[in-house]
Amino acid sequence: MPRVFIETYGCQMNEADSELMAGLLRRAGYEVAESAEAADVVLLNTCAVRERAEERIFGRLGWLKSLKASRPGMLLGITGCMAERMRDDLTKRAPYVDLVIGPDAYRRLPTLIEQAVDEDDADPLVDVRLDRTELYQGVDVDRAPGISGWITVQRGCDKFCTFCIVPFVRGRERSLPPADVVDEARRMAEAGYREVTLLGQTVSSYYERGTDFADLLRSVHAVEGLARIRYTSPYPNDFSPRLRAALAELPRVGRHIHLPVQSGSTRMLRDMKRGYTAEGYLELLRAIRAELPDFALTTDVIVGYPGETEEDFAATLDLVREAGFDSAFMFRYSERAGTFAARNRPDDVPDEVKRERLERLIAVQEAISLGIYRAMIGREVEILVHGRSKKDESRAVGRTSCFKSTVLQGGHHGAGSLVRARVVDATSHTLFAEAMGG
């Protein structure tokens, strides 16, 4: 039985796609290997959102080149977003790669591998065709047993923000039929999963057969056996009053909203083609906090977008302070070839300025996060246990409903348990809690 090893880079969408590929290959007669050294086929499932991720993958390919040289007959493939975006560069910089496969070609993966074996050609097989209809319906994913898992409910993106490569590497937006989503959630619950995360590039834009995202959440919430339901990432313009009303009514949906803002400067947001202003975003946050007061809020922020002045960056700092996010993913702008910004906006903010601004932004957000986390000391929380602490096997680790990582002291709580606990200490990223009642 041939063995395949899939190494995943990037977001939860890529994690879900790796499970999809593993399922397709297992049913085609492949065994999933534990390491690249033990595999006949090695696939790197890649991310193209930022330059740093791509350079990591090229570094990994350098090591795999040596492994491939020592293992005659081993196949090496690149799948995912980087394969779609850099197919020509990949074949030039890494001519020893045998397969280059985009996110819409995974159904053909077993056939392509067989073709690569049979042809033994020096040129790689490339299949990066985008497909407006591919949703991978009817494909059983290959999930390892666990507590938390993903369901991809939407693929592609129609927003076309100027800095973002996603619409070009994952195609246009399309949504999985709601019955398929509910069936998958039910199968996961029956398999012992306690938490599912609904995935989409702009998941709040979900719409299929008269069902919007609020409807979908209600349907998944009705599945018995699930302790929590999460979703990522919504888009500000689609975070409607109807969706907020559903969140208020569904107690098993995690009390956490990740709502990317990208910049606090309206001038920058307009240039990014985000479709909202800084003032409009803050108004949305005020509505969320009024209607959903116990929800944590997190975000994404880019610094150093082309043309960003010190005044623009100061506006971002002001918005972050006013918003009071629980945490944030913060990045330096990374030009992506093929995007509107790369074609029309010179990357004119010096890298040292980007780095300095990012450091200042991180310092502001870290102080806010520390204050929010420490304000939770003394509060009762409900923790979904994910397993044991790697640093201390006597402690359990999990997350609160508001998505805060928590180290749990006291009791012997197994993975999947819901535990009431009291917060006794906190850092800017972690809560420490004691189980109530032993």
# chains A, B, ... in the order shown; residues from 1 in each chain; ligands from 1
$ closest_atom_pairs --of "region 92-197 of chain A" --to "region 61-70 of chain A" --cutoff "10 Å" --atoms "only C-alpha atoms" --output "tab-separated table"
residue	atom	partner	partner_atom	distance
A:Arg93	CA	A:Leu61	CA	9.9
A:Ala94	CA	A:Leu61	CA	7.5
A:Pro95	CA	A:Lys65	CA	9.8
A:Tyr96	CA	A:Lys65	CA	7.0
A:Val97	CA	A:Lys65	CA	8.4
$ select_by_dssp --residues "region 144-328 of chain A" --states "strand (DSSP E)" --output "NGL selection string"
:A and (148-152 or 154-155 or 174-175 or 195-199 or 207-208 or 211-212 or 228-232 or 256-258 or 296-303 or 327-328)
$ write_last_selection --atoms "N, CA and C atoms" --output "compact mmCIF listing (two decimals), in the first residue's frame"
# COMPACT_ATOMS: atom_id res chain seq x y z
N SER A 148 -12.16 18.84 18.45
CA SER A 148 -12.56 19.99 17.65
C SER A 148 -12.20 19.74 16.19
N GLY A 149 -13.14 20.07 15.29
CA GLY A 149 -12.88 19.88 13.87
C GLY A 149 -13.54 20.95 13.03
N TRP A 150 -13.28 20.90 11.70
CA TRP A 150 -13.72 21.95 10.79
C TRP A 150 -14.70 21.41 9.76
N ILE A 151 -15.59 22.29 9.33
CA ILE A 151 -16.45 22.02 8.18
C ILE A 151 -16.34 23.22 7.24
N THR A 152 -15.86 23.00 6.04
CA THR A 152 -15.79 24.08 5.06
C THR A 152 -17.17 24.28 4.46
N GLN A 154 -18.05 27.24 2.84
CA GLN A 154 -17.98 28.22 1.75
C GLN A 154 -16.57 28.22 1.20
N ARG A 155 -16.43 28.28 -0.11
CA ARG A 155 -15.11 28.34 -0.74
C ARG A 155 -15.04 29.58 -1.62
N ARG A 174 -18.64 30.42 -3.40
CA ARG A 174 -19.76 29.48 -3.54
C ARG A 174 -19.94 28.77 -2.20
N SER A 175 -21.19 28.38 -1.92
CA SER A 175 -21.55 27.84 -0.62
C SER A 175 -22.07 26.41 -0.73
N GLU A 195 -16.83 20.03 19.26
CA GLU A 195 -16.82 21.40 18.74
C GLU A 195 -16.59 21.35 17.24
N VAL A 196 -17.38 22.12 16.50
CA VAL A 196 -17.13 22.27 15.07
C VAL A 196 -16.96 23.75 14.76
N THR A 197 -16.08 24.03 13.80
CA THR A 197 -15.88 25.39 13.32
C THR A 197 -16.28 25.44 11.85
N LEU A 198 -17.22 26.32 11.53
CA LEU A 198 -17.67 26.50 10.15
C LEU A 198 -16.72 27.47 9.46
N LEU A 199 -16.16 27.03 8.34
CA LEU A 199 -15.11 27.79 7.67
C LEU A 199 -15.58 28.41 6.37
N TYR A 207 -24.62 31.95 1.57
CA TYR A 207 -26.02 31.96 1.12
C TYR A 207 -26.19 30.85 0.11
N GLU A 208 -27.17 29.97 0.35
CA GLU A 208 -27.43 28.87 -0.56
C GLU A 208 -28.86 28.40 -0.38
N THR A 211 -31.03 29.94 2.24
CA THR A 211 -30.48 29.86 3.60
C THR A 211 -29.30 30.80 3.72
N ASP A 212 -29.37 31.72 4.69
CA ASP A 212 -28.22 32.59 4.95
C ASP A 212 -27.44 32.05 6.14
N ARG A 228 -20.04 23.04 21.36
CA ARG A 228 -19.77 24.39 20.86
C ARG A 228 -19.73 24.41 19.35
N ILE A 229 -20.14 25.58 18.83
CA ILE A 229 -20.06 25.85 17.40
C ILE A 229 -19.31 27.17 17.23
N ARG A 230 -18.32 27.15 16.35
CA ARG A 230 -17.58 28.37 16.04
C ARG A 230 -17.61 28.60 14.54
N TYR A 231 -17.10 29.75 14.11
CA TYR A 231 -17.08 30.08 12.69
C TYR A 231 -15.99 31.11 12.45
N THR A 232 -15.42 31.09 11.26
CA THR A 232 -14.40 32.07 10.91
C THR A 232 -14.24 32.07 9.39
N HIS A 256 -17.55 34.56 20.80
CA HIS A 256 -16.33 35.14 20.23
C HIS A 256 -16.61 35.52 18.78
N ILE A 257 -16.21 36.72 18.40
CA ILE A 257 -16.37 37.20 17.03
C ILE A 257 -15.01 37.70 16.54
N HIS A 258 -14.51 37.08 15.48
CA HIS A 258 -13.27 37.56 14.86
C HIS A 258 -13.66 38.37 13.63
N ALA A 296 -16.38 38.12 23.15
CA ALA A 296 -15.03 38.65 22.93
C ALA A 296 -14.90 39.06 21.47
N LEU A 297 -14.09 40.09 21.22
CA LEU A 297 -13.86 40.58 19.86
C LEU A 297 -12.38 40.54 19.53
N THR A 298 -12.06 39.94 18.39
CA THR A 298 -10.68 39.91 17.91
C THR A 298 -10.66 40.38 16.46
N THR A 299 -9.45 40.62 15.93
CA THR A 299 -9.39 41.24 14.59
C THR A 299 -8.07 40.92 13.90
N ASP A 300 -7.95 41.36 12.64
CA ASP A 300 -6.71 41.35 11.87
C ASP A 300 -6.36 42.79 11.51
N VAL A 301 -5.06 43.12 11.55
CA VAL A 301 -4.61 44.47 11.20
C VAL A 301 -3.35 44.36 10.34
N ILE A 302 -3.31 45.15 9.28
CA ILE A 302 -2.13 45.25 8.42
C ILE A 302 -1.49 46.61 8.64
N VAL A 303 -0.17 46.64 8.78
CA VAL A 303 0.55 47.92 8.81
C VAL A 303 1.45 48.01 7.58
N SER A 327 -7.83 40.43 21.45
CA SER A 327 -6.53 40.12 20.86
C SER A 327 -6.60 40.45 19.38
N ALA A 328 -5.46 40.37 18.72
CA ALA A 328 -5.42 40.70 17.29
C ALA A 328 -4.28 39.97 16.62
$ atom_distance --atom1 "CA of Glu55 (chain A)" --atom2 "CA of Asp351 (chain A)"
16.8 Å
$ select_by_dssp --residues "region 102-242 of chain A" --states "alpha helix (DSSP H)" --output "JSON, numbers by chain"
{"A": [109, 110, 111, 112, 113, 114, 115, 116, 117, 118, 119, 166, 167, 168, 169, 170, 178, 179, 180, 181, 182, 183, 184, 185, 186, 187, 188, 189, 190, 213, 214, 215, 216, 217, 218, 219, 220, 221, 241, 242]}
$ write_last_selection --atoms "C-alpha atoms" --output "PDB file, in the first residue's frame"
ATOM      1  CA  LEU A 109      -5.142  13.991  -6.987  1.00  0.00           C
ATOM      2  CA  PRO A 110      -5.040  10.136  -6.977  1.00  0.00           C
ATOM      3  CA  THR A 111      -5.113  10.074 -10.787  1.00  0.00           C
ATOM      4  CA  LEU A 112      -2.415  12.741 -11.050  1.00  0.00           C
ATOM      5  CA  ILE A 113      -0.142  10.827  -8.685  1.00  0.00           C
ATOM      6  CA  GLU A 114      -0.596   7.654 -10.727  1.00  0.00           C
ATOM      7  CA  GLN A 115       0.120   9.604 -13.899  1.00  0.00           C
ATOM      8  CA  ALA A 116       3.306  11.051 -12.405  1.00  0.00           C
ATOM      9  CA  VAL A 117       4.474   7.557 -11.443  1.00  0.00           C
ATOM     10  CA  ASP A 118       3.689   6.066 -14.850  1.00  0.00           C
ATOM     11  CA  GLU A 119       5.161   8.844 -16.959  1.00  0.00           C
ATOM     12  CA  VAL A 166      -7.415  34.695  -2.118  1.00  0.00           C
ATOM     13  CA  PRO A 167      -9.939  35.327  -4.948  1.00  0.00           C
ATOM     14  CA  PHE A 168      -7.197  34.584  -7.469  1.00  0.00           C
ATOM     15  CA  VAL A 169      -6.056  31.311  -5.866  1.00  0.00           C
ATOM     16  CA  ARG A 170      -9.379  29.985  -4.511  1.00  0.00           C
ATOM     17  CA  PRO A 178     -27.115  23.566   4.120  1.00  0.00           C
ATOM     18  CA  ALA A 179     -28.275  19.944   4.350  1.00  0.00           C
ATOM     19  CA  ASP A 180     -24.716  18.804   3.584  1.00  0.00           C
ATOM     20  CA  VAL A 181     -23.315  21.017   6.343  1.00  0.00           C
ATOM     21  CA  VAL A 182     -25.812  19.715   8.899  1.00  0.00           C
ATOM     22  CA  ASP A 183     -25.189  16.100   7.875  1.00  0.00           C
ATOM     23  CA  GLU A 184     -21.443  16.585   8.296  1.00  0.00           C
ATOM     24  CA  ALA A 185     -21.932  18.214  11.709  1.00  0.00           C
ATOM     25  CA  ARG A 186     -24.102  15.280  12.751  1.00  0.00           C
ATOM     26  CA  ARG A 187     -21.492  12.749  11.604  1.00  0.00           C
ATOM     27  CA  MET A 188     -18.819  14.610  13.554  1.00  0.00           C
ATOM     28  CA  ALA A 189     -20.936  14.673  16.705  1.00  0.00           C
ATOM     29  CA  GLU A 190     -21.584  10.924  16.359  1.00  0.00           C
ATOM     30  CA  PHE A 213     -25.537  32.242   7.599  1.00  0.00           C
ATOM     31  CA  ALA A 214     -27.918  32.988  10.475  1.00  0.00           C
ATOM     32  CA  ASP A 215     -30.150  30.145   9.271  1.00  0.00           C
ATOM     33  CA  LEU A 216     -27.163  27.835   8.911  1.00  0.00           C
ATOM     34  CA  LEU A 217     -26.025  28.520  12.468  1.00  0.00           C
ATOM     35  CA  ARG A 218     -29.490  27.696  13.781  1.00  0.00           C
ATOM     36  CA  SER A 219     -29.533  24.412  11.867  1.00  0.00           C
ATOM     37  CA  VAL A 220     -26.101  23.329  13.092  1.00  0.00           C
ATOM     38  CA  HIS A 221     -26.983  24.424  16.634  1.00  0.00           C
ATOM     39  CA  PRO A 241     -28.650  42.523  12.558  1.00  0.00           C
ATOM     40  CA  ARG A 242     -30.249  39.205  11.598  1.00  0.00           C
TER      41      ARG A 242
END
$ closest_residue --among "A:Met1, A:Ala337, A:Ala287, A:Met376" --to "Ala323 (chain A)" --atoms "only C-alpha atoms"
A:Ala287
$ atom_distance --atom1 "CA of Val424 (chain A)" --atom2 "CA of Ile372 (chain A)"
13.8 Å
$ residues_around --residues "Glu7 (chain A)" --least-positions-apart "4" --cutoff "7 Å" --atoms "only C-alpha atoms" --output "NGL selection string"
:A and (43-45)
$ residues_around --residues "Arg194 (chain A)" --least-positions-apart "4" --cutoff "6 Å" --atoms "only C-alpha atoms" --output "PyMOL selection string"
chain A and resi 147+226-227
$ write_last_selection --atoms "C-alpha atoms" --output "PDB file, in the first residue's frame"
ATOM      1  CA  ILE A 147     -12.475  17.098  20.110  1.00  0.00           C
ATOM      2  CA  LEU A 226     -22.090  19.314  19.993  1.00  0.00           C
ATOM      3  CA  ALA A 227     -20.958  21.424  22.938  1.00  0.00           C
TER       4      ALA A 227
END
$ residues_around --residues "Phe432 (chain A)" --least-positions-apart "6" --cutoff "10 Å" --atoms "only C-alpha atoms" --output "list in words"
Ile377, Val397, Ser405, Thr406, Val407, Leu408, Gln409, Ala421, Arg422, Val423, Val424, Asp425 and Ala426 of chain A
$ atom_distance --atom1 "CA of Thr339 (chain A)" --atom2 "CA of Glu84 (chain A)"
13.5 Å
$ residues_around --residues "Leu75 (chain A)" --least-positions-apart "6" --cutoff "7 Å" --atoms "only C-alpha atoms" --output "count of residues only"
4
